[in-house]
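Below you'll find the structure, written out as structure tokens, and then a few comments.
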Amino acid sequence: MNDPNVNSLKARVSRNARVGFSRAVLLGTLTVAAGFSDAASANSYANGATRTASGQQVGRASWYGPGFHGRRTASGQTFNQHGLTAAHRRLPFGSRARVTNLNNGRAVEVTINDRGPYRGGRIIDLSRAAAKRIAMGGTARVSVTVLP
């Protein structure tokens with residue numbers, strides 16, 4: 001069966017697939033290039049955080065507590081919602097950080113003992129006690145400064 005309409009249709013589909021693939025590759029390349037230049041120039045992150053010249057990280061914080069109290073953290077410690085601890089994606093376990101609530105200026109020093117937050121748009125998860133110390137409700141805009 002050598003129908004010219006079928007052959008013409010196959011040729012158009014094949015040509016459109018090649019053009020679509022080329023466009024996808026070009027778009028992907030431009031997206032990656034734009035992402036690298038954006039990260040290099042503005043120090044921005046996918047989770048909405050930014051890093052200032054002094055090394056502070058600024059973004060949204062959340063807290064966790066009752067549902068995790070008594071369970072193991074990523075560092076192997078037992079999570080205590082009443083302790084001044086926090087979860088961060090990259091800071092080393094045992095490092096100390098000052099978290100300042102940018103809405104009211106209150107600050108707390110925490111020890112990093114867990115990984116997270118796993119919710120998009122957040123840079124740090126505080127224990128219940130740490131969140132209470134800086135008068136944070138559900139989430140708050142904060143700055144995180146690593147301490148020596």
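Note on naming: chains are A, B, ... as they come in the structure tokens, residues start from 1 per chain, ligands start from 1 in the order shown.
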9 Å contact set for A:Thr145, only C-alpha atoms, chain neighbours under 5 positions out, as a ChimeraX atom specification:
/A:54-58,96-100
Can I get the selected residues back with C-alpha atoms, as an mmCIF file, in the first residue's frame?
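Once written, result-v1.cif looks like this:
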data_model
loop_
_atom_site.group_PDB
_atom_site.id
_atom_site.type_symbol
_atom_site.label_atom_id
_atom_site.label_comp_id
_atom_site.auth_asym_id
_atom_site.auth_seq_id
_atom_site.Cartn_x
_atom_site.Cartn_y
_atom_site.Cartn_z
ATOM 1 C CA SER A 54 28.578 38.390 54.066
ATOM 2 C CA GLY A 55 27.523 34.755 53.577
ATOM 3 C CA GLN A 56 24.095 35.116 55.174
ATOM 4 C CA GLN A 57 21.330 33.057 53.652
ATOM 5 C CA VAL A 58 17.941 34.781 53.468
ATOM 6 C CA ARG A 96 25.992 26.466 64.818
ATOM 7 C CA ALA A 97 23.876 29.115 63.118
ATOM 8 C CA ARG A 98 22.127 32.300 64.161
ATOM 9 C CA VAL A 99 18.601 32.505 62.749
ATOM 10 C CA THR A 100 17.015 35.962 62.799
#
Skip A:Ala140 itself and residues of its chain fewer than 2 positions away, then list as a list in words all residues within 8 Å of it, counting only C-alpha atoms.
Arg60, Ala61, Ser62, Asn101, Leu102, Asn103, Met136, Gly137, Gly138 and Val142 of chain A
I need the residues from that last selection saved to file as a tab-separated table (two decimals), in the first residue's frame (with N, CA and C atoms), if you can.
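This is the output file out-v9.tsv:
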chain	number	residue	atom	x	y	z
A	60	ARG	N	12.76	31.65	53.61
A	60	ARG	CA	11.68	31.27	54.52
A	60	ARG	C	12.10	30.11	55.41
A	61	ALA	N	11.69	30.19	56.65
A	61	ALA	CA	11.92	29.12	57.62
A	61	ALA	C	10.59	28.53	58.04
A	62	SER	N	10.62	27.27	58.43
A	62	SER	CA	9.45	26.61	59.00
A	62	SER	C	9.93	25.89	60.25
A	101	ASN	N	14.62	36.30	62.79
A	101	ASN	CA	13.31	36.54	62.19
A	101	ASN	C	13.32	37.98	61.66
A	102	LEU	N	13.23	38.14	60.35
A	102	LEU	CA	13.32	39.47	59.75
A	102	LEU	C	12.06	40.30	59.96
A	103	ASN	N	10.98	39.68	60.44
A	103	ASN	CA	9.75	40.43	60.73
A	103	ASN	C	9.82	41.17	62.05
A	136	MET	N	7.98	32.90	65.91
A	136	MET	CA	7.61	32.54	64.55
A	136	MET	C	6.33	31.73	64.58
A	137	GLY	N	5.38	32.06	63.71
A	137	GLY	CA	4.15	31.28	63.59
A	137	GLY	C	4.42	30.03	62.78
A	138	GLY	N	3.77	29.88	61.64
A	138	GLY	CA	3.99	28.73	60.78
A	138	GLY	C	5.30	28.84	60.02
A	142	VAL	N	13.54	34.73	57.25
A	142	VAL	CA	14.66	34.75	58.19
A	142	VAL	C	15.98	34.93	57.46
Point-to-point distance from atom CA of A:Ala131 to atom CA of A:Val108, Å rounded to tenths:
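Answer for the atom CA of A:Ala131 to atom CA of A:Val108 separation: 8.4 Å.
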Have a look at atom CA of A:Ile124 and atom CA of A:Ala87 and let me know their distance in Å, one decimal.
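Atom CA of A:Ile124 sits 5.8 Å away from atom CA of A:Ala87.
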Residues at most 7 Å from stretch 69-81 of chain A, counting only C-alpha atoms, excluding those fewer than 5 positions away in the same chain, as a PDB file with C-alpha atoms, in the first residue's frame?
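Resulting contents of selection_14.pdb:
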ATOM      1  CA  PHE A  93      26.023  18.432  61.438  1.00  0.00           C
ATOM      2  CA  ASN A 113      21.467  18.083  63.585  1.00  0.00           C
ATOM      3  CA  ASP A 114      19.107  17.107  60.769  1.00  0.00           C
ATOM      4  CA  ARG A 115      18.533  17.419  57.014  1.00  0.00           C
ATOM      5  CA  SER A 127      12.727  22.900  66.301  1.00  0.00           C
ATOM      6  CA  ARG A 128       9.559  23.978  68.065  1.00  0.00           C
ATOM      7  CA  ALA A 129      11.533  25.681  70.863  1.00  0.00           C
TER       8      ALA A 129
END
Give me the residues near A:Ala86 as a compact mmCIF listing (two decimals) with C-alpha atoms, in the first residue's frame, where near means some atom within 6 Å (using only C-alpha atoms) and where sequence neighbours in that chain fewer than 3 positions away do not count.
# COMPACT_ATOMS: atom_id res chain seq x y z
CA ILE A 112 22.29 21.75 62.91
CA ASP A 125 13.47 23.90 59.62
CA LEU A 126 13.65 24.95 63.27
CA SER A 127 12.73 22.90 66.30
Atom CA of A:Val146 to atom CA of A:Ala107 measures 12.9 Å
